[in-house]
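Novice: Following this line is query_6.txt, made up of compact mmCIF, C-alpha atoms:
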```txt
# COMPACT_ATOMS: atom_id res chain seq x y z
CA MET A 62 -5.35 -148.30 -65.38
CA ASP A 63 -3.61 -145.21 -64.08
CA THR A 64 -5.64 -142.05 -64.80
CA THR A 65 -2.68 -140.31 -66.44
CA VAL A 66 -2.04 -143.28 -68.71
CA PHE A 67 -5.71 -143.45 -69.62
CA TRP A 68 -5.94 -139.80 -70.60
CA ALA A 69 -2.70 -140.07 -72.57
CA LEU A 70 -4.11 -143.03 -74.48
CA ILE A 71 -7.52 -141.47 -75.07
CA ILE A 72 -5.95 -138.20 -76.28
CA LEU A 73 -3.67 -140.18 -78.59
CA VAL A 74 -6.62 -142.12 -80.00
CA MET A 75 -8.71 -138.94 -80.38
CA VAL A 76 -5.91 -137.11 -82.16
CA GLY A 77 -5.26 -140.13 -84.36
CA GLY A 78 -8.98 -140.43 -85.14
CA GLY A 79 -9.15 -136.74 -86.02
CA ILE A 80 -6.19 -137.08 -88.36
CA VAL A 81 -7.74 -140.13 -90.02
CA GLN A 82 -11.01 -138.23 -90.55
CA MET A 83 -9.15 -135.31 -92.12
CA VAL A 84 -7.23 -137.66 -94.40
CA LEU A 85 -10.48 -139.37 -95.42
CA GLN A 86 -12.19 -136.06 -96.17
CA SER A 87 -9.15 -134.84 -98.10
CA ARG A 88 -8.85 -137.98 -100.22
CA PHE A 89 -12.56 -138.16 -100.92
CA LYS A 90 -12.54 -134.52 -102.02
CA ARG A 91 -9.46 -135.05 -104.20
CA TYR A 92 -10.67 -138.22 -105.87
CA SER A 93 -14.19 -136.79 -106.30
CA GLN A 94 -12.61 -134.44 -108.84
CA VAL A 95 -11.08 -137.27 -110.88
CA ARG A 96 -13.50 -138.43 -113.56
CA LEU A 97 -13.83 -142.19 -113.84
CA THR A 98 -12.41 -143.49 -117.12
CA SER A 99 -15.49 -145.64 -117.72
CA GLY A 100 -17.76 -142.61 -117.09
CA MET A 101 -20.12 -144.61 -114.87
CA THR A 102 -21.93 -143.02 -111.94
CA GLY A 103 -21.94 -144.52 -108.47
CA ARG A 104 -25.39 -145.94 -109.07
CA GLU A 105 -24.31 -147.58 -112.32
CA VAL A 106 -21.19 -149.01 -110.68
CA ALA A 107 -23.23 -150.53 -107.86
CA GLU A 108 -25.82 -152.00 -110.22
CA LYS A 109 -23.19 -153.51 -112.51
CA MET A 110 -21.28 -155.03 -109.60
CA LEU A 111 -24.51 -156.54 -108.27
CA HIS A 112 -25.44 -158.00 -111.66
CA ASP A 113 -21.93 -159.33 -112.24
CA ALA A 114 -22.35 -161.18 -108.93
CA GLY A 115 -25.73 -162.54 -110.04
CA ILE A 116 -27.69 -160.39 -107.57
CA TYR A 117 -30.90 -158.80 -108.84
CA ASP A 118 -32.99 -158.33 -105.68
CA VAL A 119 -31.03 -155.39 -104.19
CA GLN A 120 -32.14 -151.81 -104.86
CA VAL A 121 -29.69 -148.94 -105.28
CA LEU A 122 -31.17 -145.73 -103.90
CA SER A 123 -30.08 -142.17 -103.21
CA THR A 124 -29.92 -140.72 -99.70
CA THR A 125 -29.14 -137.27 -98.31
CA GLY A 126 -25.97 -136.28 -96.48
CA LYS A 127 -22.26 -136.69 -97.04
CA LEU A 128 -20.54 -140.06 -96.59
CA THR A 129 -23.88 -141.50 -95.42
CA ASP A 130 -23.57 -144.45 -97.79
CA HIS A 131 -24.61 -147.82 -96.38
CA TYR A 132 -26.12 -151.22 -97.15
CA ASN A 133 -29.21 -152.32 -95.23
CA PRO A 134 -29.48 -156.13 -95.14
CA ALA A 135 -32.98 -155.93 -93.62
CA ASN A 136 -34.58 -154.58 -96.81
CA LYS A 137 -31.73 -155.27 -99.25
CA THR A 138 -31.05 -151.67 -100.24
CA ILE A 139 -27.82 -149.89 -101.03
CA LYS A 140 -28.20 -146.22 -100.18
CA LEU A 141 -25.66 -143.91 -101.76
CA SER A 142 -25.21 -140.27 -100.81
CA GLU A 143 -26.06 -137.79 -103.53
CA VAL A 144 -22.40 -137.02 -104.30
CA VAL A 145 -21.83 -140.73 -104.91
CA TYR A 146 -25.12 -141.73 -106.54
CA ASP A 147 -25.02 -139.24 -109.42
CA THR A 148 -21.26 -138.69 -109.77
CA ASN A 149 -18.88 -140.44 -112.15
CA SER A 150 -15.70 -139.97 -110.09
CA VAL A 151 -13.12 -142.41 -108.75
CA ALA A 152 -14.26 -141.68 -105.19
CA ALA A 153 -17.90 -142.38 -106.08
CA ALA A 154 -16.98 -145.67 -107.76
CA ALA A 155 -14.90 -146.78 -104.75
CA VAL A 156 -17.65 -146.00 -102.25
CA ALA A 157 -20.39 -147.54 -104.38
CA ALA A 158 -18.37 -150.72 -104.93
CA HIS A 159 -17.58 -150.93 -101.19
CA GLU A 160 -21.26 -150.78 -100.22
CA THR A 161 -22.06 -153.31 -102.92
CA GLY A 162 -19.40 -155.50 -101.36
CA HIS A 163 -21.62 -155.65 -98.27
CA ALA A 164 -24.57 -156.75 -100.39
CA ILE A 165 -22.45 -159.54 -101.85
CA GLN A 166 -21.34 -160.54 -98.35
CA HIS A 167 -25.01 -160.80 -97.40
CA ALA A 168 -25.89 -162.85 -100.45
CA HIS A 169 -23.01 -165.26 -99.79
CA GLY A 170 -23.73 -165.59 -96.07
CA TYR A 171 -20.44 -164.03 -94.98
CA ALA A 172 -20.14 -165.10 -91.32
CA PRO A 173 -18.79 -161.86 -89.76
CA LEU A 174 -21.61 -159.87 -91.41
CA LYS A 175 -24.20 -162.33 -90.12
CA PHE A 176 -22.73 -162.05 -86.63
CA ARG A 177 -22.68 -158.24 -86.79
CA SER A 178 -26.27 -158.12 -88.05
CA ALA A 179 -27.38 -160.41 -85.22
CA MET A 180 -25.72 -158.06 -82.72
CA VAL A 181 -27.46 -154.92 -83.98
CA PRO A 182 -30.66 -155.10 -81.85
CA VAL A 183 -28.71 -155.87 -78.66
CA VAL A 184 -26.07 -153.22 -79.33
CA SER A 185 -28.72 -150.62 -80.16
CA PHE A 186 -30.38 -151.24 -76.81
CA ALA A 187 -27.06 -151.25 -74.96
CA SER A 188 -26.00 -147.98 -76.60
CA SER A 189 -29.22 -146.27 -75.54
CA ILE A 190 -28.68 -146.85 -71.81
CA VAL A 191 -24.99 -147.58 -71.30
CA GLN A 192 -23.88 -144.02 -70.46
CA TRP A 193 -26.54 -143.65 -67.76
CA VAL A 194 -25.71 -147.03 -66.27
CA LEU A 195 -21.99 -146.24 -66.25
CA LEU A 196 -22.55 -142.82 -64.68
CA ALA A 197 -24.72 -144.27 -61.92
CA GLY A 198 -22.28 -147.16 -61.51
CA ILE A 199 -19.31 -144.83 -61.00
CA ILE A 200 -21.22 -142.72 -58.46
CA LEU A 201 -22.32 -145.83 -56.55
CA VAL A 202 -19.20 -147.91 -57.14
CA ASN A 203 -18.49 -148.42 -53.42
CA THR A 204 -22.07 -149.23 -52.40
CA PHE A 205 -23.46 -150.97 -55.49
CA PRO A 206 -20.47 -152.15 -57.60
CA ASN A 207 -22.57 -154.55 -59.65
CA LEU A 208 -24.24 -151.59 -61.34
CA LEU A 209 -20.88 -150.51 -62.75
CA LEU A 210 -20.21 -154.11 -63.74
CA LEU A 211 -23.48 -154.10 -65.70
CA GLY A 212 -22.38 -150.88 -67.42
CA ILE A 213 -19.05 -152.46 -68.30
CA ILE A 214 -20.81 -155.46 -69.82
CA LEU A 215 -23.07 -153.19 -71.89
CA PHE A 216 -20.12 -151.07 -73.03
CA GLY A 217 -18.19 -154.26 -73.77
CA LEU A 218 -20.92 -155.26 -76.21
CA THR A 219 -20.51 -151.99 -78.12
CA THR A 220 -16.74 -152.46 -78.12
CA LEU A 221 -17.10 -156.00 -79.42
CA PHE A 222 -19.40 -154.69 -82.15
CA SER A 223 -16.78 -152.16 -83.26
CA PHE A 224 -14.17 -154.93 -83.58
CA VAL A 225 -16.55 -157.30 -85.38
CA THR A 226 -17.15 -154.44 -87.83
CA LEU A 227 -13.47 -154.35 -88.85
CA PRO A 228 -13.28 -157.60 -90.87
CA VAL A 229 -16.67 -156.81 -92.42
CA GLU A 230 -15.48 -153.44 -93.69
CA ILE A 231 -12.04 -154.64 -94.76
CA ASP A 232 -13.51 -157.57 -96.68
CA ALA A 233 -16.04 -155.30 -98.43
CA SER A 234 -13.20 -153.04 -99.57
CA ARG A 235 -11.19 -156.05 -100.73
CA ARG A 236 -14.12 -157.26 -102.83
CA ALA A 237 -14.70 -153.76 -104.19
CA LEU A 238 -11.11 -153.16 -105.24
CA ALA A 239 -10.74 -156.59 -106.85
CA TRP A 240 -13.90 -156.08 -108.88
CA LEU A 241 -13.08 -152.50 -109.90
CA GLN A 242 -9.79 -153.73 -111.30
CA SER A 243 -11.00 -156.95 -112.95
CA SER A 244 -14.01 -155.27 -114.54
CA GLY A 245 -11.96 -152.37 -115.90
CA ILE A 246 -14.13 -149.78 -114.15
CA THR A 247 -10.98 -148.07 -112.88
CA SER A 248 -7.94 -147.61 -115.09
CA PRO A 249 -4.47 -148.73 -113.92
CA GLN A 250 -3.80 -145.10 -113.01
CA GLN A 251 -7.04 -144.79 -111.03
CA GLN A 252 -6.89 -148.09 -109.14
CA PRO A 253 -4.34 -146.76 -106.57
CA MET A 254 -6.67 -143.79 -105.95
CA ALA A 255 -9.57 -146.09 -105.17
CA THR A 256 -7.33 -148.15 -102.91
CA SER A 257 -6.14 -145.03 -101.09
CA ALA A 258 -9.70 -143.80 -100.50
CA LEU A 259 -10.95 -147.10 -99.11
CA LYS A 260 -7.89 -147.56 -96.90
CA ALA A 261 -8.53 -144.16 -95.33
CA ALA A 262 -12.13 -145.18 -94.68
CA ALA A 263 -11.00 -148.43 -93.06
CA TYR A 264 -8.67 -146.57 -90.70
CA THR A 265 -11.65 -144.65 -89.28
CA TYR A 266 -13.13 -147.95 -88.09
CA VAL A 267 -9.80 -148.96 -86.58
CA ALA A 268 -9.56 -145.66 -84.69
CA ALA A 269 -13.12 -146.03 -83.40
CA ALA A 270 -12.48 -149.59 -82.20
CA LEU A 271 -9.28 -148.63 -80.39
CA GLY A 272 -10.98 -145.65 -78.75
CA SER A 273 -13.78 -147.88 -77.52
CA LEU A 274 -11.29 -150.43 -76.17
CA VAL A 275 -9.28 -147.82 -74.25
CA THR A 276 -12.47 -146.47 -72.68
CA LEU A 277 -13.60 -149.97 -71.75
CA LEU A 278 -10.28 -150.65 -70.03
CA TYR A 279 -10.65 -147.45 -68.05
CA TYR A 280 -14.06 -148.46 -66.71
CA ILE A 281 -12.68 -151.90 -65.85
CA SER A 282 -9.84 -150.25 -63.92
CA ILE A 283 -12.35 -148.21 -61.89
CA TYR A 284 -14.30 -151.37 -61.06
CA SER A 285 -11.13 -153.33 -60.20
CA GLY A 286 -9.74 -150.53 -58.01
CA ARG A 287 -12.87 -149.90 -55.96
CA LYS A 288 -12.46 -149.91 -52.18
```
Show me the file's structure as structure tokens.

Specialist:
Amino acid sequence: MDTTVFWALIILVMVGGGIVQMVLQSRFKRYSQVRLTSGMTGREVAEKMLHDAGIYDVQVLSTTGKLTDHYNPANKTIKLSEVVYDTNSVAAAAVAAHETGHAIQHAHGYAPLKFRSAMVPVVSFASSIVQWVLLAGIILVNTFPNLLLLGIILFGLTTLFSFVTLPVEIDASRRALAWLQSSGITSPQQQPMATSALKAAAYTYVAAALGSLVTLLYYISIYSGRK
């Protein structure tokens, strides 16, 4: 890949990712001020969605930070940030239902989630050393090209992980939105707000995956163009 083209692409992806993050922050802030018609907090939303799905072995806990919400399949816990856990807003309901969607995926053996979970140990190891391997590989590309190839393989694993994450996140949002509507947690006026918030969150994963892909292609071009 030509260096100019690469930098143009990476700048485009970075700018796009920055815009997506700003949109996400803006929508979350806006919809955090809209009180949920049902009056339920994020914790209550998550617990009800779990019970409606027949799941009773998942704990809903509070965690510190902002937008740090996540589901941990290893110990079956949904951890909601404080602004989601104790808040009865549309944004809190959307986030809580999304994370609960992951718990339901786990309970139903959703294949992409199983694949992503299996990749976690390998990707964690790859992420811890990949930058050093790539740096050394670029420096020694003409004398020891296989080192750069190893770095590309490691980085390729992290890129693959980011793309495997996409269907997992999109499906969790789909489950969340369908349940919020069918259960009456969100009113007809609030449902589009929840949809808007979760779409903005999904775009952040798309931007991250594209950024990783562009960077991977750049490293491949260096390896392919070595003398």

Novice: Rank A:Val84, A:Ala135, A:Val66, A:Ala239 by their smallest atom-to-atom distance to Ala179 in chain A, using all atoms listed in the file, and report the top residue only.

Specialist: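 Nearest to Ala179 in chain A: A:Ala135.
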
Novice: Which of these, A:Thr161, A:Asn149, A:Thr98, A:Thr219, has the shortest distance to Met180 in chain A once you count all atoms listed in the file?

Specialist: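 Among A:Thr161, A:Asn149, A:Thr98, A:Thr219, it is A:Thr219 that comes nearest to Met180 in chain A.
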
Novice: Of the residues A:Asn136, A:Thr148, A:Thr276, A:Thr125, which is the one nearest to Leu195 in chain A, using all atoms listed in the file?

Specialist: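 Checking each of A:Asn136, A:Thr148, A:Thr276, A:Thr125 against Leu195 in chain A, counting all atoms listed in the file, the winner is A:Thr276.
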
Novice: My list of candidates is A:Ser285, A:Ser189, A:Ser123, A:Gln242. Which is closest to Ser99 in chain A when distances are computed with all atoms listed in the file?

Specialist: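 Using all atoms listed in the file, Ser99 in chain A sits closest to A:Gln242.
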
Novice: Hey, can you check how far CA of Gly217 in chain A sits from CA of Tyr266 in chain A?

Specialist: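 CA of Tyr266 in chain A lies at a distance of 16.4 Å from CA of Gly217 in chain A.
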
Novice: In Å, how far is it from CA of Gln166 in chain A to CA of Val119 in chain A?

Specialist: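 Taking CA of Gln166 in chain A and CA of Val119 in chain A, their separation equals 12.4 Å.
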
Novice: Please list as number ranges by chain every residue within 10 Å of Gly115 in chain A, counting all atoms listed in the file and excluding residues in the same chain fewer than 5 positions away.

Specialist: A: 109-110, 165, 168

Novice: Would you put the residues from that selection into a file with C-alpha atoms, as a compact mmCIF listing (two decimals), keeping the file's coordinate frame?

Specialist:
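New file again-v1.txt:
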```
# COMPACT_ATOMS: atom_id res chain seq x y z
CA LYS A 109 -23.19 -153.51 -112.51
CA MET A 110 -21.28 -155.03 -109.60
CA ILE A 165 -22.45 -159.54 -101.85
CA ALA A 168 -25.89 -162.85 -100.45
```

Novice: Which is closer to Asn207 in chain A than all the others in A:Leu85, A:Val194, A:Val183, A:Ala158, using all atoms listed in the file?

Specialist: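 With all atoms listed in the file as the atom set, the closest residue is A:Val194.
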
Novice: Using only C-alpha atoms, which of A:Thr226, A:Gln192, A:Ser234, A:Gln82 sits nearest Gly212 in chain A?

Specialist: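 Checking each of A:Thr226, A:Gln192, A:Ser234, A:Gln82 against Gly212 in chain A, counting only C-alpha atoms, the winner is A:Gln192.
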
Novice: CA of Leu274 in chain A and CA of Leu211 in chain A are how many Å apart?

Specialist: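 We find that CA of Leu274 in chain A and CA of Leu211 in chain A lie 16.5 Å from each other.
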
Novice: With only C-alpha atoms as the counted atoms, please give the residues lying no more than 9 Å from Phe224 in chain A, apart from itself and same-chain residues fewer than 4 positions off, as a PyMOL selection string.

Specialist: chain A and resi 219-220+228+266-267+269-271

Novice: Would you be able to write out as a count of residues only which residues have an atom within 10 Å of (-16.3, -154.8, -92.7) in the file's coordinates, counting only C-alpha atoms?

Specialist: 23

Novice: Set the distance at 12 Å and use all atoms listed in the file: which residues neighbour Tyr280 in chain A once local chain neighbours fewer than 2 positions away are removed? I'd like the list as number ranges by chain.

Specialist: A: 62-64, 67, 191-192, 194-196, 198-199, 202, 206, 208-217, 273-278, 282-287

Novice: Neighbouring residues of Ala153 in chain A were defined as those with any atom within 12 Å, considering only C-alpha atoms; residues of the same chain fewer than 2 positions away were excluded. Please report them as a PyMOL selection string.

Specialist: chain A and resi 88-97+100-107+127-128+130+141-151+155-160+237+241+246-247+254-255+258-259

Novice: I need the residues from that last selection saved to file as a PDB file, in the frame of the given file (with C-alpha atoms), if you can.

Specialist:
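The resulting file, result_35.pdb, is shown below:
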```pdb
ATOM      1  CA  ARG A  88      -8.850-137.980-100.220  1.00  0.00           C
ATOM      2  CA  PHE A  89     -12.560-138.160-100.920  1.00  0.00           C
ATOM      3  CA  LYS A  90     -12.540-134.520-102.020  1.00  0.00           C
ATOM      4  CA  ARG A  91      -9.460-135.050-104.200  1.00  0.00           C
ATOM      5  CA  TYR A  92     -10.670-138.220-105.870  1.00  0.00           C
ATOM      6  CA  SER A  93     -14.190-136.790-106.300  1.00  0.00           C
ATOM      7  CA  GLN A  94     -12.610-134.440-108.840  1.00  0.00           C
ATOM      8  CA  VAL A  95     -11.080-137.270-110.880  1.00  0.00           C
ATOM      9  CA  ARG A  96     -13.500-138.430-113.560  1.00  0.00           C
ATOM     10  CA  LEU A  97     -13.830-142.190-113.840  1.00  0.00           C
ATOM     11  CA  GLY A 100     -17.760-142.610-117.090  1.00  0.00           C
ATOM     12  CA  MET A 101     -20.120-144.610-114.870  1.00  0.00           C
ATOM     13  CA  THR A 102     -21.930-143.020-111.940  1.00  0.00           C
ATOM     14  CA  GLY A 103     -21.940-144.520-108.470  1.00  0.00           C
ATOM     15  CA  ARG A 104     -25.390-145.940-109.070  1.00  0.00           C
ATOM     16  CA  GLU A 105     -24.310-147.580-112.320  1.00  0.00           C
ATOM     17  CA  VAL A 106     -21.190-149.010-110.680  1.00  0.00           C
ATOM     18  CA  ALA A 107     -23.230-150.530-107.860  1.00  0.00           C
ATOM     19  CA  LYS A 127     -22.260-136.690 -97.040  1.00  0.00           C
ATOM     20  CA  LEU A 128     -20.540-140.060 -96.590  1.00  0.00           C
ATOM     21  CA  ASP A 130     -23.570-144.450 -97.790  1.00  0.00           C
ATOM     22  CA  LEU A 141     -25.660-143.910-101.760  1.00  0.00           C
ATOM     23  CA  SER A 142     -25.210-140.270-100.810  1.00  0.00           C
ATOM     24  CA  GLU A 143     -26.060-137.790-103.530  1.00  0.00           C
ATOM     25  CA  VAL A 144     -22.400-137.020-104.300  1.00  0.00           C
ATOM     26  CA  VAL A 145     -21.830-140.730-104.910  1.00  0.00           C
ATOM     27  CA  TYR A 146     -25.120-141.730-106.540  1.00  0.00           C
ATOM     28  CA  ASP A 147     -25.020-139.240-109.420  1.00  0.00           C
ATOM     29  CA  THR A 148     -21.260-138.690-109.770  1.00  0.00           C
ATOM     30  CA  ASN A 149     -18.880-140.440-112.150  1.00  0.00           C
ATOM     31  CA  SER A 150     -15.700-139.970-110.090  1.00  0.00           C
ATOM     32  CA  VAL A 151     -13.120-142.410-108.750  1.00  0.00           C
ATOM     33  CA  ALA A 155     -14.900-146.780-104.750  1.00  0.00           C
ATOM     34  CA  VAL A 156     -17.650-146.000-102.250  1.00  0.00           C
ATOM     35  CA  ALA A 157     -20.390-147.540-104.380  1.00  0.00           C
ATOM     36  CA  ALA A 158     -18.370-150.720-104.930  1.00  0.00           C
ATOM     37  CA  HIS A 159     -17.580-150.930-101.190  1.00  0.00           C
ATOM     38  CA  GLU A 160     -21.260-150.780-100.220  1.00  0.00           C
ATOM     39  CA  ALA A 237     -14.700-153.760-104.190  1.00  0.00           C
ATOM     40  CA  LEU A 241     -13.080-152.500-109.900  1.00  0.00           C
ATOM     41  CA  ILE A 246     -14.130-149.780-114.150  1.00  0.00           C
ATOM     42  CA  THR A 247     -10.980-148.070-112.880  1.00  0.00           C
ATOM     43  CA  MET A 254      -6.670-143.790-105.950  1.00  0.00           C
ATOM     44  CA  ALA A 255      -9.570-146.090-105.170  1.00  0.00           C
ATOM     45  CA  ALA A 258      -9.700-143.800-100.500  1.00  0.00           C
ATOM     46  CA  LEU A 259     -10.950-147.100 -99.110  1.00  0.00           C
TER      47      LEU A 259
END
```
